[in-house]
Amino acid sequence: GDRTPKQKLKYVTDQERMLGYFHDHKKNVKKDLKVKAKKNMVEFLSMVKALIGDLEAEGPKKNFELLARARHIRDILERWQFSGLNRKLQMKPQAWDDVETPNGLKPNCSKLQLIVKWGGDLTKLGEKQATQLGNRLRNELYPANKGGGILRLHSTFRHDLKIKTSDEGRVMKTAAAFAKGMLELEGDLPPILVSLVHK
């Protein structure tokens, strides 16, 4: 469906708090970390706020660029209510150090690339397009003038219908809007999304 522009912020960092967050959430430090869940996003936002506090205490002039980036990330994360559908974070490790542990040497991420993505939301027009497509499919497969339309489907099929999508928010919302049109459902998309749309 029709969507808002997708936007992205990327930069490489060796900030201790960022690295700490990465190590807390990823056991295999050679692999990327993807963050979409509400709880993890809230934790990340708290960490960014603490980082801003640290940088301000050290002196805004000294850390001007780092501070501007951290504030930008904070503003992006605070712009909407957390849902995991309109933002995501990625942390890609770039460099590693070996750290001594009781079990021997262990790799530790010393530099990572942070990618924050937002936007790409389904617009009202996109929602309308998907609902109309669902309506059209229903009318072509089960014409109302031939034996009761979609109601002639067995009731268990109507209730057990599952729609598979990728994990991108706009795709899931498009699928929910399509289901709303196809099954002649009323109301908002979130309940439809929860009951019928599966990643």
# chains A, B, ... in the order shown; residues from 1 in each chain; ligands from 1
$ closest_atom_pairs --of "range 58-84 of chain A" --to "range 1-13 of chain A" --cutoff "10 Å" --atoms "only C-alpha atoms" --output "CSV"
residue,atom,partner,partner_atom,distance
A:Leu66,CA,A:Thr13,CA,9.2
A:Arg69,CA,A:Tyr11,CA,8.8
A:His72,CA,A:Leu9,CA,9.1
A:Ile73,CA,A:Leu9,CA,8.3
A:Ile76,CA,A:Leu9,CA,9.9
$ select_by_dssp --residues "range 26-199 of chain A" --states "alpha helix (DSSP H)" --output "ChimeraX atom specification"
/A:38-58,64-78,124-141,155-160,169-182,189-196
$ residues_around --residues "range 169-172 of chain A" --least-positions-apart "3" --cutoff "12 Å" --atoms "only C-alpha atoms" --output "PyMOL selection string"
chain A and resi 1-6+36+83-88+117-124+126-127+130+163-166+175-179+189-190+192-199
$ closest_residue --among "A:Asp160, A:Thr174, A:Lys30, A:Ala70" --to "Asp97 in chain A" --atoms "only C-alpha atoms"
A:Lys30
$ select_by_dssp --residues "range 4-199 of chain A" --states "strand (DSSP E or B)" --output "count of residues only"
47
$ residues_around --residues "Met91 in chain A" --least-positions-apart "5" --cutoff "6 Å" --atoms "only C-alpha atoms" --output "list in words"
Asp32, Leu33, Gln113 and Leu114 of chain A
$ atom_distance --atom1 "CA of Asn108 in chain A" --atom2 "CA of Trp96 in chain A"
5.3 Å
$ atom_distance --atom1 "CA of Pro102 in chain A" --atom2 "CA of Asp14 in chain A"
24.9 Å
$ residues_around --residues "Ser110 in chain A" --least-positions-apart "5" --cutoff "12 Å" --atoms "only C-alpha atoms" --output "number ranges by chain"
A: 12-20, 22-23, 29-30, 92-99
